[in-house]
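This report concerns only the one structure given below.
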Amino acid sequence: MKPRHTLFRRTALIVAAGLLAFQLVSGAAIFFNLMLPLAQRSADDLAALLVLSARTWVELPPATRAAFEAELRGSHGLDLREVSTSSGAEIRYYPYLNFLRAALVARLGPGSAPRVLETADGRFHVDIAMAQRMLHFSLSKELIAPRPSQALAWSIAAGLLVTLITAWLLARRITAPVARLAAAARQIGSGERPPNLPESGEQELADLARVFNQTGAQLAARRENQSTLLAGVSHDLRSPLGRLKMALGMLAEERASPLLARMERDVAEMESLIGAQLELARAQEIEGAESTDIDALLAELLEAAEARSPGQTRLRVAGPPCRAVIAPLALRRIVTNLLENALRYAGPGRLQLVRRRCAGGLLIGVRDSGPGIPAEMREAVFRPFFRLDPSRNRATGGSGLGLAIVRQLAETQGWKIAVKPRLSGGASVWLAIPLSDR
């Protein structure tokens, strides 16, 4: 399955891309219209100083040249001396020095060929041929300013940092209410009543929170009314069914009849269906968690199943004895329904109740060796009144609510349940219970 992008990530990327594009365009505009002309003007000024100094040094009497060199060093930071020949590697990858070289050629003439050099100490040197002499200027890198490439790099780095921070803050501001909305929706889905979301902030988000709060209140009221109605109807139905059952029993004592026996079975089936409906309604109520001996609880349930089908059940546990803080009644009802469902529909064969402890959770599975469940029906079997047998033959028993109750109980407690195939045939129903470190 292809991973989906989160709203936070997508919003941050869009905002960051827009701001970065703006930074690049504005940086390029500043570089070409401001920094580059300033660098060229600075290089031209330095070239003018070097050419003027060289011409002045050549025209001065030899006795005064030392004083001029000292004044040039103190006033402008330039070391000037005469050399016999130019040596060293010429620098080509400093933009400012390229500007300086071009400015020197423009002032000295096309045939002058000044050289810009760098030595191992990191200083820059300029060799200028003047009046049959080779004059060597030495200067520190600190004198070369401005540096357009460094200025652009600093501008891009600062813009990138500001862009990322701004995109993160903006995306967080947009997605935080959506995350709270998703968390509240999950609580409603698990049967809880979440606290009302704050109806503040931007108009659209405030309206969304207001509508969600109203919807949550309506769903809670509807769920409560549904539970009350179901409980009332079930209670009202059980009373006449009880009287009908008593009457049928009295009639059966007077005269046995296949019709009366069939009517008694129908009444018993109706009572079972009403009980299952009530159990499905109660499955939406969250149960408090408490420390529970998992292995002892499973052994007790398996013992009850073994009494119904001797020699067909077995408990398999992996790892040391397991004790966890969970909802014990919900776990008991889930495992009981799974065992009953497997014994009813899987047919003869070994039935395994498995307990495994994995990283961050607990796995409990019921394995059978029956005909199995087709892949396209492994989710449908958890729907109320769904049965693999389309004829709904009464010989198979059941109300079609067993696995629906199991799914509702698991989702209410925040657990997961799924049907998996077995390589040796049959089906496995696994209950995944996340556990905290407490």
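By convention here, the chains of the structure tokens are called A, B, ... in the order presented, each chain's residues are numbered starting at 1, and ligands are numbered starting at 1 in the order presented.
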Next on the checklist: So that I can check the surroundings of Val335 of chain A, please list as a VMD selection string every protein, DNA and RNA residue that reaches within 9 Å of it, counting only C-alpha atoms and ignoring chain neighbours fewer than 2 positions away.
Outcome noted: chain A and resid 298 301 330 to 333 337 to 340 353 364 to 366 406 431
Keeping only C-alpha atoms, take the residues you just selected and write them out as a PDB file, in the first residue's frame.
ATOM      1  CA  LEU A 298      -8.153 -18.383  29.137  1.00  0.00           C
ATOM      2  CA  LEU A 301     -12.863 -20.446  29.352  1.00  0.00           C
ATOM      3  CA  ALA A 330     -14.920  -7.828  27.598  1.00  0.00           C
ATOM      4  CA  LEU A 331     -12.082 -10.311  27.016  1.00  0.00           C
ATOM      5  CA  ARG A 332     -14.155 -13.097  28.578  1.00  0.00           C
ATOM      6  CA  ARG A 333     -17.156 -12.354  26.358  1.00  0.00           C
ATOM      7  CA  ASN A 337     -18.138 -16.095  21.620  1.00  0.00           C
ATOM      8  CA  LEU A 338     -15.165 -17.089  19.464  1.00  0.00           C
ATOM      9  CA  LEU A 339     -14.967 -20.532  21.068  1.00  0.00           C
ATOM     10  CA  GLU A 340     -18.704 -21.097  20.709  1.00  0.00           C
ATOM     11  CA  LEU A 353      -6.768 -21.271  21.922  1.00  0.00           C
ATOM     12  CA  ILE A 364      -5.083 -14.142  21.442  1.00  0.00           C
ATOM     13  CA  GLY A 365      -6.230 -16.457  18.671  1.00  0.00           C
ATOM     14  CA  VAL A 366      -8.854 -19.170  18.207  1.00  0.00           C
ATOM     15  CA  VAL A 406     -17.076  -9.665  19.218  1.00  0.00           C
ATOM     16  CA  LEU A 431      -7.572 -10.513  18.827  1.00  0.00           C
TER      17      LEU A 431
END
Next on the checklist: Just want the 9 Å neighbourhood of segment 158-162 of chain A, counted on only C-alpha atoms, with same-chain residues fewer than 4 positions away dropped. Output as a list in words.
Outcome noted: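 Everything that qualifies: Ala16, Leu19, Leu20, Gln23, Leu24, Ala153, Trp154, Thr166 and Ala167 of chain A.
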Okay, now the selection with N, CA and C atoms, as a PDB file, in the first residue's frame?
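What landed in selection10.pdb:
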ATOM      1  N   ALA A  16       6.501  25.879   2.029  1.00  0.00           N
ATOM      2  CA  ALA A  16       7.958  25.995   1.904  1.00  0.00           C
ATOM      3  C   ALA A  16       8.371  26.184   0.455  1.00  0.00           C
ATOM      4  N   LEU A  19       7.552  29.813  -0.567  1.00  0.00           N
ATOM      5  CA  LEU A  19       8.468  30.781   0.035  1.00  0.00           C
ATOM      6  C   LEU A  19       9.876  30.640  -0.536  1.00  0.00           C
ATOM      7  N   LEU A  20      10.289  29.405  -0.798  1.00  0.00           N
ATOM      8  CA  LEU A  20      11.623  29.211  -1.377  1.00  0.00           C
ATOM      9  C   LEU A  20      11.697  29.794  -2.791  1.00  0.00           C
ATOM     10  N   GLN A  23      12.079  33.383  -2.366  1.00  0.00           N
ATOM     11  CA  GLN A  23      13.428  33.711  -1.914  1.00  0.00           C
ATOM     12  C   GLN A  23      14.422  33.637  -3.077  1.00  0.00           C
ATOM     13  N   LEU A  24      14.298  32.621  -3.918  1.00  0.00           N
ATOM     14  CA  LEU A  24      15.229  32.487  -5.037  1.00  0.00           C
ATOM     15  C   LEU A  24      15.068  33.630  -6.040  1.00  0.00           C
ATOM     16  N   ALA A 153      24.977  33.360  -0.764  1.00  0.00           N
ATOM     17  CA  ALA A 153      24.880  32.124   0.019  1.00  0.00           C
ATOM     18  C   ALA A 153      24.264  32.392   1.388  1.00  0.00           C
ATOM     19  N   TRP A 154      24.704  33.476   2.048  1.00  0.00           N
ATOM     20  CA  TRP A 154      24.136  33.833   3.337  1.00  0.00           C
ATOM     21  C   TRP A 154      22.647  34.164   3.201  1.00  0.00           C
ATOM     22  N   THR A 166       8.787  29.183   9.166  1.00  0.00           N
ATOM     23  CA  THR A 166       7.463  29.721   8.853  1.00  0.00           C
ATOM     24  C   THR A 166       6.524  28.634   8.348  1.00  0.00           C
ATOM     25  N   ALA A 167       7.018  27.765   7.473  1.00  0.00           N
ATOM     26  CA  ALA A 167       6.179  26.682   6.942  1.00  0.00           C
ATOM     27  C   ALA A 167       5.753  25.733   8.051  1.00  0.00           C
TER      28      ALA A 167
END
Next on the checklist: Residues near Leu409 of chain A, anyone? I mean within 8 Å using only C-alpha atoms, not counting same-chain ones fewer than 2 positions away, as a PyMOL selection string.
Outcome noted: chain A and resi 283-284+330+334+405-407+411-413
Residues from last step as file, C-alpha atoms, as a PDB file, in the first residue's frame:
ATOM      1  CA  ALA A 283     -20.958  -4.087  23.895  1.00  0.00           C
ATOM      2  CA  GLN A 284     -20.881  -0.350  23.152  1.00  0.00           C
ATOM      3  CA  ALA A 330     -14.920  -7.828  27.598  1.00  0.00           C
ATOM      4  CA  ILE A 334     -15.014 -12.107  23.203  1.00  0.00           C
ATOM      5  CA  ILE A 405     -20.746  -8.669  19.236  1.00  0.00           C
ATOM      6  CA  VAL A 406     -17.076  -9.665  19.218  1.00  0.00           C
ATOM      7  CA  ARG A 407     -16.171  -6.827  16.802  1.00  0.00           C
ATOM      8  CA  GLU A 411     -13.612  -1.730  18.955  1.00  0.00           C
ATOM      9  CA  THR A 412     -15.161  -0.272  22.107  1.00  0.00           C
ATOM     10  CA  GLN A 413     -12.091  -1.283  24.127  1.00  0.00           C
TER      11      GLN A 413
END
Checklist entry - For Ala67 of chain A, which residue among A:Arg387, A:Arg81, A:Arg172, A:Arg55 is the nearest when counting only C-alpha atoms? => result A:Arg81
Checklist entry - Which neighbours of Gly372 of chain A fall inside 12 Å, counting only C-alpha atoms, when residues of the same chain fewer than 5 positions from it are skipped, and could you give them as a list in words? => result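 Residues meeting the cut-off are Ala342, Tyr345, Ala346, Gly347, Arg367, Met377, Arg378, Val381, Leu388, Val419, Lys420, Pro421, Arg422, Leu423, Ser424, Gly425, Gly426, Ala427, Ser428 and Val429 of chain A.
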